[in-house]
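Listing of model.cif; format and content: mmCIF, C-alpha atoms.
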data_entry
#
loop_
_atom_site.label_atom_id
_atom_site.label_comp_id
_atom_site.auth_asym_id
_atom_site.auth_seq_id
_atom_site.Cartn_x
_atom_site.Cartn_y
_atom_site.Cartn_z
CA MET A 1 1.03 -19.77 22.56
CA THR A 2 2.47 -16.33 21.94
CA SER A 3 -0.26 -14.65 23.98
CA LEU A 4 0.50 -16.96 26.92
CA LEU A 5 4.20 -16.15 26.54
CA VAL A 6 3.44 -12.42 26.57
CA PHE A 7 1.24 -12.85 29.65
CA VAL A 8 3.93 -14.76 31.58
CA LEU A 9 6.54 -12.22 30.49
CA ALA A 10 4.37 -9.36 31.72
CA PHE A 11 3.90 -11.23 35.00
CA ALA A 12 7.70 -11.60 35.29
CA CYS A 13 8.15 -7.85 34.79
CA LEU A 14 5.43 -7.16 37.38
CA ALA A 15 7.10 -9.47 39.90
CA ALA A 16 10.46 -7.79 39.21
CA PHE A 17 8.85 -4.42 39.86
CA GLY A 18 7.41 -5.78 43.09
CA SER A 19 10.85 -7.05 44.09
CA VAL A 20 12.34 -3.58 43.58
CA VAL A 21 9.50 -1.89 45.46
CA LEU A 22 9.66 -4.38 48.37
CA GLY A 23 13.43 -3.93 48.70
CA ARG A 24 13.17 -2.77 52.32
CA ASN A 25 11.97 -6.24 53.32
CA LEU A 26 14.60 -8.79 52.31
CA THR A 27 12.44 -11.91 52.37
CA ARG A 28 9.56 -10.44 50.41
CA SER A 29 11.90 -8.88 47.87
CA ILE A 30 13.78 -12.15 47.35
CA PHE A 31 10.49 -14.04 47.06
CA ALA A 32 9.19 -11.64 44.40
CA ALA A 33 12.50 -11.90 42.55
CA GLY A 34 12.25 -15.69 42.70
CA VAL A 35 8.75 -15.61 41.26
CA SER A 36 10.02 -13.37 38.47
CA LEU A 37 12.89 -15.77 37.79
CA VAL A 38 10.48 -18.71 37.53
CA ALA A 39 8.30 -16.81 35.08
CA LEU A 40 11.33 -15.73 33.05
CA GLY A 41 12.56 -19.32 33.02
CA ILE A 42 9.24 -20.55 31.63
CA VAL A 43 9.31 -17.87 28.94
CA LEU A 44 12.93 -18.44 27.92
CA VAL A 45 12.63 -22.22 27.77
CA GLU A 46 9.31 -22.14 25.91
CA ALA A 47 10.77 -19.66 23.41
CA GLY A 48 13.60 -22.07 22.57
CA GLY A 49 16.33 -20.32 24.54
CA GLY A 50 18.30 -23.55 24.88
CA TYR A 51 21.44 -23.81 26.95
CA PRO A 52 22.14 -20.03 27.21
CA ALA A 53 18.77 -19.69 28.95
CA TRP A 54 19.54 -22.49 31.39
CA LEU A 55 22.97 -21.05 32.10
CA ALA A 56 21.59 -17.54 32.66
CA LEU A 57 18.84 -18.84 34.95
CA ALA A 58 21.34 -20.86 36.95
CA GLY A 59 23.54 -17.79 37.32
CA ALA A 60 20.60 -15.60 38.30
CA THR A 61 19.50 -18.14 40.90
CA LEU A 62 23.04 -18.21 42.29
CA ALA A 63 23.12 -14.40 42.44
CA LEU A 64 19.76 -14.37 44.21
CA ALA A 65 21.01 -16.91 46.75
CA LEU A 66 24.09 -14.77 47.37
CA LEU A 67 21.86 -11.74 47.86
CA GLN A 68 19.84 -13.69 50.40
CA LEU A 69 23.02 -14.82 52.16
CA PHE A 70 24.52 -11.34 52.42
CA GLY A 71 21.14 -9.94 53.36
CA TRP A 72 21.16 -12.26 56.35
CA MET A 73 24.73 -11.16 57.14
CA LEU A 74 23.66 -7.51 57.10
CA VAL A 75 21.13 -8.12 59.85
CA ASP A 76 22.10 -6.15 62.94
CA VAL A 77 23.42 -8.89 65.21
CA ASP A 78 24.51 -6.47 67.95
CA ARG A 79 20.99 -6.40 69.29
CA ASP A 80 21.30 -10.16 69.85
CA HIS A 81 17.78 -10.74 68.68
CA LEU A 82 15.76 -10.64 65.53
CA PRO A 83 12.36 -9.02 65.29
CA PRO A 84 9.46 -11.48 65.27
CA THR A 85 8.42 -12.61 61.83
CA ASP A 86 5.12 -11.12 60.76
CA GLY A 87 2.46 -13.01 58.87
CA PRO A 88 3.13 -11.92 55.26
CA THR A 89 6.87 -12.50 55.67
CA ALA A 90 6.30 -15.97 57.08
CA LEU A 91 3.91 -16.71 54.21
CA ALA A 92 6.45 -15.49 51.63
CA ARG A 93 9.17 -17.57 53.27
CA GLY A 94 6.96 -20.65 53.24
CA LEU A 95 6.08 -20.16 49.58
CA ALA A 96 9.78 -19.70 48.78
CA PHE A 97 10.56 -23.05 50.37
CA VAL A 98 7.67 -24.64 48.47
CA LEU A 99 9.07 -23.24 45.22
CA LEU A 100 12.51 -24.57 46.13
CA ALA A 101 11.09 -27.99 46.93
CA ALA A 102 9.14 -28.02 43.66
CA GLY A 103 12.30 -27.09 41.75
CA ILE A 104 14.30 -29.85 43.40
CA ALA A 105 11.52 -32.34 42.72
CA ALA A 106 11.33 -31.26 39.07
CA LEU A 107 15.10 -31.62 38.79
CA GLY A 108 14.95 -35.09 40.28
CA ILE A 109 12.15 -36.17 37.95
CA GLY A 110 14.03 -34.75 34.97
CA LEU A 111 17.21 -36.60 35.94
CA ALA A 112 15.28 -39.83 36.40
CA GLU A 113 13.79 -39.56 32.92
CA VAL A 114 17.12 -39.02 31.14
CA GLU A 115 17.56 -41.62 28.42
CA VAL A 116 20.98 -42.85 27.44
CA GLY A 117 21.78 -43.24 23.78
CA PRO A 118 20.98 -41.42 20.55
CA THR A 119 17.72 -39.54 20.53
CA THR A 120 15.00 -40.48 18.12
CA GLN A 121 13.34 -37.09 18.14
CA GLY A 122 13.34 -34.70 15.26
CA VAL A 123 15.80 -31.97 14.41
CA PRO A 124 16.08 -29.57 17.35
CA THR A 125 15.07 -26.01 16.74
CA GLY A 126 16.09 -22.75 18.29
CA LEU A 127 19.18 -22.83 20.45
CA SER A 128 18.64 -26.36 21.71
CA ALA A 129 20.91 -28.06 19.19
CA GLU A 130 24.15 -26.82 20.72
CA GLY A 131 22.56 -27.27 24.13
CA ASP A 132 22.40 -31.01 23.64
CA PHE A 133 26.06 -31.00 22.68
CA VAL A 134 27.20 -28.90 25.63
CA GLY A 135 25.00 -30.79 28.09
CA GLY A 136 26.29 -34.13 26.92
CA ARG A 137 29.82 -32.83 27.01
CA PHE A 138 29.76 -31.62 30.60
CA PHE A 139 27.08 -33.69 32.27
CA GLY A 140 27.03 -36.89 30.23
CA SER A 141 29.64 -39.02 31.94
CA LEU A 142 30.12 -36.66 34.90
CA GLU A 143 26.45 -36.38 35.79
CA GLU A 144 26.72 -38.17 39.15
CA GLY A 145 29.88 -36.29 40.05
CA ALA A 146 28.24 -32.95 39.26
CA ALA A 147 25.27 -33.83 41.46
CA LEU A 148 27.63 -34.82 44.27
CA VAL A 149 29.56 -31.53 44.00
CA GLY A 150 26.27 -29.63 44.08
CA LEU A 151 25.16 -31.43 47.22
CA LEU A 152 28.52 -30.74 48.88
CA LEU A 153 28.30 -27.05 47.98
CA ALA A 154 24.78 -26.86 49.41
CA ALA A 155 25.89 -28.59 52.61
CA THR A 156 28.84 -26.19 52.94
CA LEU A 157 26.56 -23.20 52.44
CA LEU A 158 24.14 -24.42 55.07
CA ALA A 159 26.98 -25.12 57.51
CA SER A 160 28.34 -21.59 56.93
CA LEU A 161 24.92 -20.13 57.62
CA MET A 162 24.64 -22.03 60.87
CA LEU A 163 28.11 -20.84 61.93
CA LEU A 164 27.18 -17.24 61.12
CA ARG A 165 24.08 -17.50 63.25
CA GLY A 166 26.13 -18.94 66.10
CA GLU A 167 28.62 -16.05 65.97
CA GLY A 168 25.79 -13.56 66.07
CA ARG A 169 24.30 -15.11 69.17
CA ASN A 170 27.61 -15.29 71.05
CA ARG A 171 28.33 -11.58 70.78
CA MET B 1 10.93 -10.95 13.35
CA ALA B 2 8.44 -13.58 14.60
CA GLU B 3 6.04 -12.78 17.40
CA GLY B 4 7.74 -14.94 20.06
CA PRO B 5 11.23 -13.44 19.73
CA LEU B 6 9.71 -9.99 19.35
CA ALA B 7 7.88 -10.48 22.66
CA LEU B 8 11.17 -11.54 24.25
CA VAL B 9 12.98 -8.45 22.99
CA LEU B 10 10.21 -6.07 24.08
CA GLY B 11 9.80 -7.84 27.43
CA GLY B 12 13.55 -7.65 27.99
CA LEU B 13 13.47 -3.91 27.32
CA ALA B 14 10.59 -3.50 29.80
CA LEU B 15 12.55 -5.53 32.36
CA PHE B 16 15.56 -3.30 31.77
CA TRP B 17 13.60 -0.19 32.73
CA VAL B 18 12.22 -1.95 35.81
CA ALA B 19 15.83 -2.61 36.77
CA MET B 20 16.76 0.99 36.05
CA LEU B 21 13.91 2.10 38.28
CA GLY B 22 15.42 0.10 41.14
CA LEU B 23 18.84 1.64 40.54
CA LEU B 24 17.73 5.23 40.02
CA TRP B 25 15.05 5.25 42.71
CA ARG B 26 17.58 4.14 45.37
CA ARG B 27 14.80 3.28 47.77
CA SER B 28 16.80 0.52 49.44
CA LEU B 29 20.05 -1.39 49.07
CA ILE B 30 18.30 -4.70 48.40
CA GLY B 31 16.13 -3.03 45.76
CA MET B 32 19.23 -1.69 44.04
CA LEU B 33 20.98 -5.07 44.13
CA VAL B 34 17.88 -6.78 42.76
CA GLY B 35 17.83 -4.06 40.09
CA VAL B 36 21.36 -4.96 39.08
CA LEU B 37 20.33 -8.61 38.82
CA PHE B 38 17.32 -7.84 36.63
CA GLY B 39 19.34 -5.44 34.53
CA TRP B 40 21.73 -8.26 33.73
CA LEU B 41 18.82 -10.63 33.09
CA SER B 42 17.15 -8.13 30.76
CA VAL B 43 20.25 -8.13 28.56
CA VAL B 44 20.17 -11.94 28.50
CA VAL B 45 16.44 -11.97 27.60
CA VAL B 46 16.95 -9.51 24.75
CA GLY B 47 19.98 -11.47 23.53
CA ILE B 48 18.12 -14.78 23.57
CA GLY B 49 15.17 -13.22 21.75
CA TRP B 50 17.50 -11.85 19.12
CA LEU B 51 19.33 -15.15 18.70
CA VAL B 52 16.10 -17.18 18.52
CA ALA B 53 14.90 -14.82 15.79
CA ARG B 54 18.12 -15.37 13.84
CA SER B 55 18.21 -19.12 14.41
CA THR B 56 17.23 -21.26 11.45
CA GLU B 57 17.09 -24.97 10.77
CA VAL B 58 20.22 -24.66 8.68
CA ALA B 59 22.19 -22.89 11.43
CA PRO B 60 20.49 -23.60 14.77
CA GLY B 61 21.92 -21.86 17.78
CA GLU B 62 23.96 -19.39 15.79
CA GLY B 63 25.64 -16.97 18.16
CA GLY B 64 24.71 -18.92 21.27
CA VAL B 65 28.34 -19.20 22.32
CA LEU B 66 28.64 -15.41 22.30
CA LEU B 67 25.67 -15.16 24.63
CA VAL B 68 27.22 -17.73 26.94
CA VAL B 69 30.32 -15.52 27.08
CA PHE B 70 28.10 -12.59 28.14
CA VAL B 71 26.51 -14.75 30.84
CA LEU B 72 29.91 -15.86 32.09
CA VAL B 73 31.10 -12.25 32.24
CA GLY B 74 28.06 -11.45 34.39
CA LEU B 75 28.84 -14.38 36.67
CA LEU B 76 32.43 -13.22 36.98
CA GLN B 77 31.15 -9.80 38.03
CA VAL B 78 29.05 -11.47 40.72
CA ALA B 79 32.13 -13.38 41.89
CA LEU B 80 34.14 -10.15 41.92
CA GLY B 81 31.48 -8.41 44.03
CA VAL B 82 31.41 -11.31 46.50
CA ALA B 83 35.21 -11.25 46.69
CA ILE B 84 35.16 -7.51 47.49
CA VAL B 85 32.60 -8.02 50.24
CA VAL B 86 34.50 -10.96 51.74
CA ALA B 87 37.80 -9.05 51.60
CA ARG B 88 36.19 -6.08 53.35
CA VAL B 89 34.70 -8.27 56.07
CA VAL B 90 38.05 -9.99 56.63
CA ARG B 91 39.90 -6.69 56.79
CA ARG B 92 37.52 -4.70 58.98
CA GLY B 93 35.66 -7.46 60.76
CA THR B 94 32.29 -6.17 59.67
CA LEU B 95 30.46 -4.93 56.61
CA ASP B 96 29.49 -1.34 57.31
CA VAL B 97 27.15 -0.54 54.44
CA GLN B 98 27.15 3.21 55.08
CA ASP B 99 30.94 3.34 55.13
CA ALA B 100 31.26 0.96 52.20
CA GLY B 101 29.49 3.51 50.02
CA LEU B 102 32.67 5.59 50.10
CA LEU B 103 34.57 2.79 48.32
CA GLU B 104 37.72 3.49 50.35
CA GLY B 105 40.06 0.91 51.82
#

Write-out of the structure in structure tokens:
Amino acid sequence: MTSLLVFVLAFACLAAFGSVVLGRNLTRSIFAAGVSLVALGIVLVEAGGGYPAWLALAGATLALALLQLFGWMLVDVDRDHLPPTDGPTALARGLAFVLLAAGIAALGIGLAEVEVGPTTQGVPTGLSAEGDFVGGRFFGSLEEGAALVGLLLAATLLASLMLLRGEGRNR
Amino acid sequence: MAEGPLALVLGGLALFWVAMLGLLWRRSLIGMLVGVLFGWLSVVVVGIGWLVARSTEVAPGEGGVLLVVFVLVGLLQVALGVAIVVARVVRRGTLDVQDAGLLEG
């Protein structure tokens, strides 16, 4: 198990290095950073990181999304056109959407399998004990409300992106 | 220290130097920003490895709240950076990256 953890961790570092190297191409850099985040998430969760790991990964995903958003804003809109997407960039973009879809599907499956009531499992190890407490505290009774707020935020972000694209075209 | 947490600490240190490479190399703006993100993540990885190593069945999750505070401070820094960018765009109408490097106005 430890060797697999070391391998995934090394892969995460390699993907992070690739993200830094590919910084001139926004989409490829963000894709490599996303791959690194997924690998880091696997490592942190498998190592018993508990709720701090989930919180850090959520924050890192948010920061990566903001980087993608402002990267799009930094595109030179005065030319009134974008260069055609080349093959590797289109492939990276497609894989990014596949990863996003897989994450959403995993989240949905995880939410569907949530059991209400006291758990019958053994004593939690690592940092997961307080994680159960914090998760139940914030997402126990407010779970549906939190999902609704998340969907509204995503819809607002998408609407803002569409408005930004419209402003760029009208110049 | 067990092998798992030790791997986390060493991997976090390696990730930190990858992030430093992005910051010191200054090859591109996106590379530097991604470097900042991974620098923050490397601290989190090292912290989680350290806390998992210290965690026992008697006191599980000891120090986890402190790590959450660190994560929240990082998120507040992200929010502050976004606020600066938005304020600059509102004030000047555009985000001139070359001019923004001067940190004036």

Give me, as a PDB file with C-alpha atoms, in the coordinates of the input, the residues of chain A touching chain B, with the criterion being at most 6 Å (counting all atoms listed in the file).
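Saved the output as selection26.pdb:
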ATOM      1  CA  THR A   2       2.470 -16.330  21.940  1.00  0.00           C
ATOM      2  CA  CYS A  13       8.150  -7.850  34.790  1.00  0.00           C
ATOM      3  CA  PHE A  17       8.850  -4.420  39.860  1.00  0.00           C
ATOM      4  CA  VAL A  20      12.340  -3.580  43.580  1.00  0.00           C
ATOM      5  CA  GLY A  23      13.430  -3.930  48.700  1.00  0.00           C
ATOM      6  CA  ARG A  24      13.170  -2.770  52.320  1.00  0.00           C
ATOM      7  CA  GLY A  49      16.330 -20.320  24.540  1.00  0.00           C
ATOM      8  CA  PRO A  52      22.140 -20.030  27.210  1.00  0.00           C
ATOM      9  CA  ALA A  56      21.590 -17.540  32.660  1.00  0.00           C
ATOM     10  CA  GLY A 126      16.090 -22.750  18.290  1.00  0.00           C
ATOM     11  CA  LEU A 127      19.180 -22.830  20.450  1.00  0.00           C
TER      12      LEU A 127
END

Can you tell me how far CA of Leu24 in chain B sits from CA of Gln77 in chain B, in Å to one decimal?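 Here the two named atoms are 20.2 Å from each other.
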
CA of Ile30 in chain A to CA of Ala87 in chain B, straight-line distance in Å: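 Separation of CA of Ala87 in chain B and CA of Ile30 in chain A: 24.6 Å.
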
One decimal, in Å: what's the spacing between CA of Ala33 in chain A and CA of Ala16 in chain A? 5.7 Å

Using only C-alpha atoms, pick whichever of A:Ala102, A:Ala154, A:Ala65, A:Leu40 has the shortest atom-to-atom distance to Phe11 in chain A. A:Leu40

Residue by residue, what does the PyMOL selection byres ((chain A and resi 12) around 8) grab here? Present the result as a list in words. Val8, Leu9, Ala10, Phe11, Cys13, Leu14, Ala15, Ala16, Val35, Ser36, Leu37, Val38, Ala39 and Leu40 of chain A
